[in-house]
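So this block is coords10.cif, mmCIF, C-alpha atoms:
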data_start
loop_
_atom_site.label_atom_id
_atom_site.label_comp_id
_atom_site.auth_asym_id
_atom_site.auth_seq_id
_atom_site.Cartn_x
_atom_site.Cartn_y
_atom_site.Cartn_z
CA MET A 1231 -5.27 192.85 -19.43
CA GLY A 1232 -5.38 194.38 -15.96
CA ALA A 1233 -5.77 198.08 -15.34
CA GLY A 1234 -2.25 198.79 -13.96
CA ILE A 1235 -0.21 196.50 -16.20
CA HIS A 1236 1.34 197.93 -19.32
CA ARG A 1237 3.11 195.61 -21.73
CA PRO A 1238 4.81 196.78 -24.90
CA ALA A 1239 3.45 195.58 -28.20
CA ARG A 1240 5.08 192.57 -29.85
CA GLY A 1241 7.31 194.44 -32.25
CA GLY A 1242 7.88 197.41 -29.89
CA ARG A 1243 11.21 198.56 -28.53
CA HIS A 1244 12.33 197.73 -25.02
CA ARG A 1245 13.98 200.52 -23.08
CA PRO A 1246 16.93 199.53 -20.89
CA MET A 1247 16.36 199.64 -17.17
CA GLY A 1248 17.81 202.87 -15.72
CA GLU A 1249 18.44 201.57 -12.21
CA ILE A 1250 21.58 199.88 -10.93
CA ASN A 1251 21.24 197.04 -8.46
CA VAL A 1252 23.95 197.63 -5.81
CA THR A 1253 22.98 194.74 -3.53
CA PRO A 1254 25.48 192.23 -5.03
CA PHE A 1255 28.23 194.86 -4.80
CA VAL A 1256 27.49 195.49 -1.12
CA ASP A 1257 27.43 191.73 -0.45
CA VAL A 1258 30.85 191.25 -2.02
CA MET A 1259 32.30 194.21 -0.11
CA LEU A 1260 31.02 192.85 3.22
CA VAL A 1261 32.53 189.43 2.52
CA LEU A 1262 35.89 191.06 1.67
CA LEU A 1263 35.73 193.13 4.86
CA ILE A 1264 35.22 190.00 6.94
CA VAL A 1265 38.06 188.19 5.16
CA PHE A 1266 40.48 191.08 5.80
CA MET A 1267 39.40 191.39 9.43
CA VAL A 1268 40.12 187.70 9.99
CA THR A 1269 43.49 187.63 8.17
CA ALA A 1270 44.97 190.93 9.46
CA PRO A 1271 45.97 189.59 12.91
CA LEU A 1272 47.78 186.69 11.23
CA LEU A 1273 50.18 189.03 9.39
CA THR A 1274 52.34 189.85 12.43
CA VAL A 1275 55.96 188.79 12.86
CA GLY A 1276 56.10 185.11 13.80
CA VAL A 1277 58.94 185.09 16.36
CA GLU A 1278 57.55 184.80 19.90
CA VAL A 1279 59.20 187.36 22.18
CA ASP A 1280 57.93 188.46 25.61
CA LEU A 1281 58.27 192.26 25.21
CA PRO A 1282 58.72 194.59 28.18
CA LYS A 1283 55.91 197.07 28.86
CA THR A 1284 56.29 200.87 28.62
CA GLU A 1285 54.17 204.02 28.81
CA ALA A 1286 55.65 205.50 25.61
CA GLY A 1287 53.35 206.05 22.64
CA GLN A 1288 53.42 204.21 19.33
CA ILE A 1289 55.53 205.32 16.38
CA ASN A 1290 53.60 205.88 13.14
CA ALA A 1291 55.44 205.67 9.83
CA ASP A 1292 54.77 204.70 6.23
CA ALA A 1293 57.46 202.14 5.33
CA ALA A 1294 57.64 198.78 7.08
CA PRO A 1295 60.76 198.52 9.26
CA LEU A 1296 63.22 195.65 9.48
CA ILE A 1297 62.78 193.80 12.77
CA VAL A 1298 65.64 192.23 14.72
CA SER A 1299 64.45 189.97 17.56
CA ILE A 1300 66.43 188.52 20.45
CA LYS A 1301 64.75 185.54 22.09
CA SER A 1302 65.14 184.57 25.75
CA ASP A 1303 67.75 181.92 24.87
CA GLY A 1304 69.86 184.55 23.04
CA ALA A 1305 68.92 183.45 19.52
CA LEU A 1306 69.01 186.33 17.03
CA TYR A 1307 66.35 186.72 14.30
CA LEU A 1308 66.08 189.07 11.33
CA GLN A 1309 62.40 189.30 10.46
CA GLU A 1310 61.44 185.60 10.93
CA ALA A 1311 64.75 183.97 9.97
CA GLU A 1312 67.36 183.03 12.55
CA VAL A 1313 70.79 184.56 11.88
CA ALA A 1314 74.21 184.18 13.44
CA THR A 1315 75.51 187.16 15.41
CA ASP A 1316 78.30 187.86 12.93
CA GLY A 1317 75.93 187.40 9.95
CA LEU A 1318 73.42 190.05 11.08
CA ILE A 1319 75.10 193.13 9.62
CA PRO A 1320 75.78 191.65 6.14
CA ARG A 1321 72.16 190.46 5.93
CA LEU A 1322 70.85 193.88 7.03
CA LYS A 1323 72.95 195.59 4.38
CA ALA A 1324 71.79 193.12 1.71
CA ILE A 1325 68.10 193.49 2.58
CA SER A 1326 68.20 197.28 2.85
CA ASN A 1327 70.41 197.75 -0.23
CA ALA A 1328 72.94 199.48 2.09
CA ASN A 1329 70.42 202.26 2.78
CA PRO A 1330 71.42 203.81 6.15
CA ASP A 1331 67.98 205.46 6.51
CA VAL A 1332 66.02 202.20 6.72
CA ARG A 1333 64.18 201.85 10.03
CA ILE A 1334 65.30 198.93 12.20
CA PHE A 1335 63.35 197.86 15.27
CA VAL A 1336 65.09 195.76 17.93
CA ARG A 1337 62.82 193.48 19.98
CA GLY A 1338 64.40 191.94 23.06
CA ASP A 1339 62.75 189.38 25.32
CA THR A 1340 62.40 190.46 28.96
CA ALA A 1341 64.68 187.57 29.99
CA VAL A 1342 67.54 188.87 27.78
CA SER A 1343 70.07 191.09 29.54
CA TYR A 1344 70.07 194.80 28.80
CA GLY A 1345 73.71 194.56 27.72
CA ALA A 1346 72.92 191.95 25.05
CA VAL A 1347 70.18 194.16 23.54
CA LEU A 1348 72.44 197.21 23.60
CA GLY A 1349 75.27 195.17 22.07
CA VAL A 1350 73.05 194.28 19.08
CA MET A 1351 71.90 197.90 18.75
CA GLY A 1352 75.51 199.11 18.94
CA ARG A 1353 76.62 196.73 16.17
CA ILE A 1354 73.74 197.90 13.97
CA GLN A 1355 74.53 201.59 14.56
CA ALA A 1356 78.28 201.01 14.07
CA ALA A 1357 77.45 199.54 10.64
CA GLY A 1358 76.03 202.94 9.64
CA PHE A 1359 72.30 202.48 10.21
CA THR A 1360 70.94 205.62 11.85
CA LYS A 1361 67.29 204.79 12.55
CA VAL A 1362 67.47 202.05 15.18
CA ALA A 1363 64.78 201.84 17.87
CA LEU A 1364 63.68 199.52 20.67
CA VAL A 1365 60.24 197.92 20.63
CA ALA A 1366 58.20 197.52 23.81
CA GLN A 1367 54.68 196.36 24.51
CA LEU A 1368 52.15 198.92 25.74
CA PRO A 1369 50.76 198.12 29.20
CA GLU A 1370 47.22 196.80 29.43
CA VAL A 1371 44.65 199.38 30.53
CA GLN A 1372 42.57 198.23 33.47
#
Just dump the structure as structure tokens.
Amino acid sequence: MGAGIHRPARGGRHRPMGEINVTPFVDVMLVLLIVFMVTAPLLTVGVEVDLPKTEAGQINADAAPLIVSIKSDGALYLQEAEVATDGLIPRLKAISNANPDVRIFVRGDTAVSYGAVLGVMGRIQAAGFTKVALVAQLPEVQ
């Protein structure tokens, strides 16, 4: 046998290796990171609305809000489902379990009149929902 090689005898005991190989763990974590980075942008609301731009800052909160969208043709959406104007309030109450503290964001296309957006907001507030806000797109920094 060579000078630096030590092999246990045939009937000897083998001691378990005391080192943990973390390379497979790191590989799996990097793959998961890439998967989440690719899928995160796809989780946005699917109704296309051309939002107006504003200088106001973003609102940070824990619970996901309900989103009411008004498209340029006047179609009204709750989350991603189209709803009739008179069916909006009953659906909001059903989804929120009649909780008046649920946050509701109203997204109006730039082509929709200001009065139409305020009319939707007024109906929502008249139904007893207190946390109603407008959504706008932040301007692009040049």
Would you work out the distance separating atom CA of A:Asp1339 from atom CA of A:Val1268, expressed in Å to one decimal?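 Interatomic distance, atom CA of A:Asp1339 to atom CA of A:Val1268: 27.4 Å.
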Applying 10 Å and all atoms listed in the file, which residues near A:Gly1338 remain after dropping the ones on its own chain fewer than 4 positions away? List them as a ChimeraX atom specification. /A:1279-1282,1298-1302,1304,1306,1342-1344,1346-1348,1350,1364-1366
A straight line from atom CA of A:Met1351 to atom CA of A:Val1332 spans 14.1 Å
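Taking atom CA of A:Gly1349 and atom CA of A:Glu1310 as the two end points, the separation is 20.2 Å.
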Check what the PyMOL selection byres ((chain A and resi 1309) around 7) selects in the file above and give those residues as an mmCIF file with C-alpha atoms, keeping the file's coordinate frame.
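That gives us selection.cif:
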data_model
loop_
_atom_site.group_PDB
_atom_site.id
_atom_site.type_symbol
_atom_site.label_atom_id
_atom_site.label_comp_id
_atom_site.auth_asym_id
_atom_site.auth_seq_id
_atom_site.Cartn_x
_atom_site.Cartn_y
_atom_site.Cartn_z
ATOM 1 C CA VAL A 1275 55.960 188.790 12.860
ATOM 2 C CA LEU A 1296 63.220 195.650 9.480
ATOM 3 C CA ILE A 1297 62.780 193.800 12.770
ATOM 4 C CA VAL A 1298 65.640 192.230 14.720
ATOM 5 C CA TYR A 1307 66.350 186.720 14.300
ATOM 6 C CA LEU A 1308 66.080 189.070 11.330
ATOM 7 C CA GLU A 1310 61.440 185.600 10.930
ATOM 8 C CA ALA A 1311 64.750 183.970 9.970
#
Output as lines of an AutoDock Vina configuration file the centre and edge lengths (Å, one decimal) of the box along x, y and z of the file that holds every listed atom of stretch 1298-1303 of chain A after adding 5 Å on each side.
center_x = 66.1
center_y = 187.1
center_z = 20.2
size_x = 13.3
size_y = 20.3
size_z = 21.0
Selection dump of the PyMOL selection byres ((chain A and resi 1295) around 6), as a list in words: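 This file, filtered by the PyMOL selection byres ((chain A and resi 1295) around 6), leaves Ala1294, Leu1296, Arg1333 and Ile1334 of chain A.
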Using only C-alpha atoms, pick whichever of A:Pro1330, A:Ile1250, A:Ala1341, A:Leu1318 has the shortest atom-to-atom distance to A:Arg1353.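 Ranked by minimum distance to A:Arg1353, first place goes to A:Leu1318.
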Between A:Asp1303, A:Val1252, A:Val1261, A:Met1267, which residue has the minimum interatomic distance to A:Thr1340, considering all atoms listed in the file? A:Asp1303
Which residue out of A:Leu1263, A:Ala1305, A:Ala1270, A:Val1258 has the minimum interatomic distance to A:Arg1337 when only C-alpha atoms are used?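 Ranking A:Leu1263, A:Ala1305, A:Ala1270, A:Val1258 by distance to A:Arg1337, first place goes to A:Ala1305.
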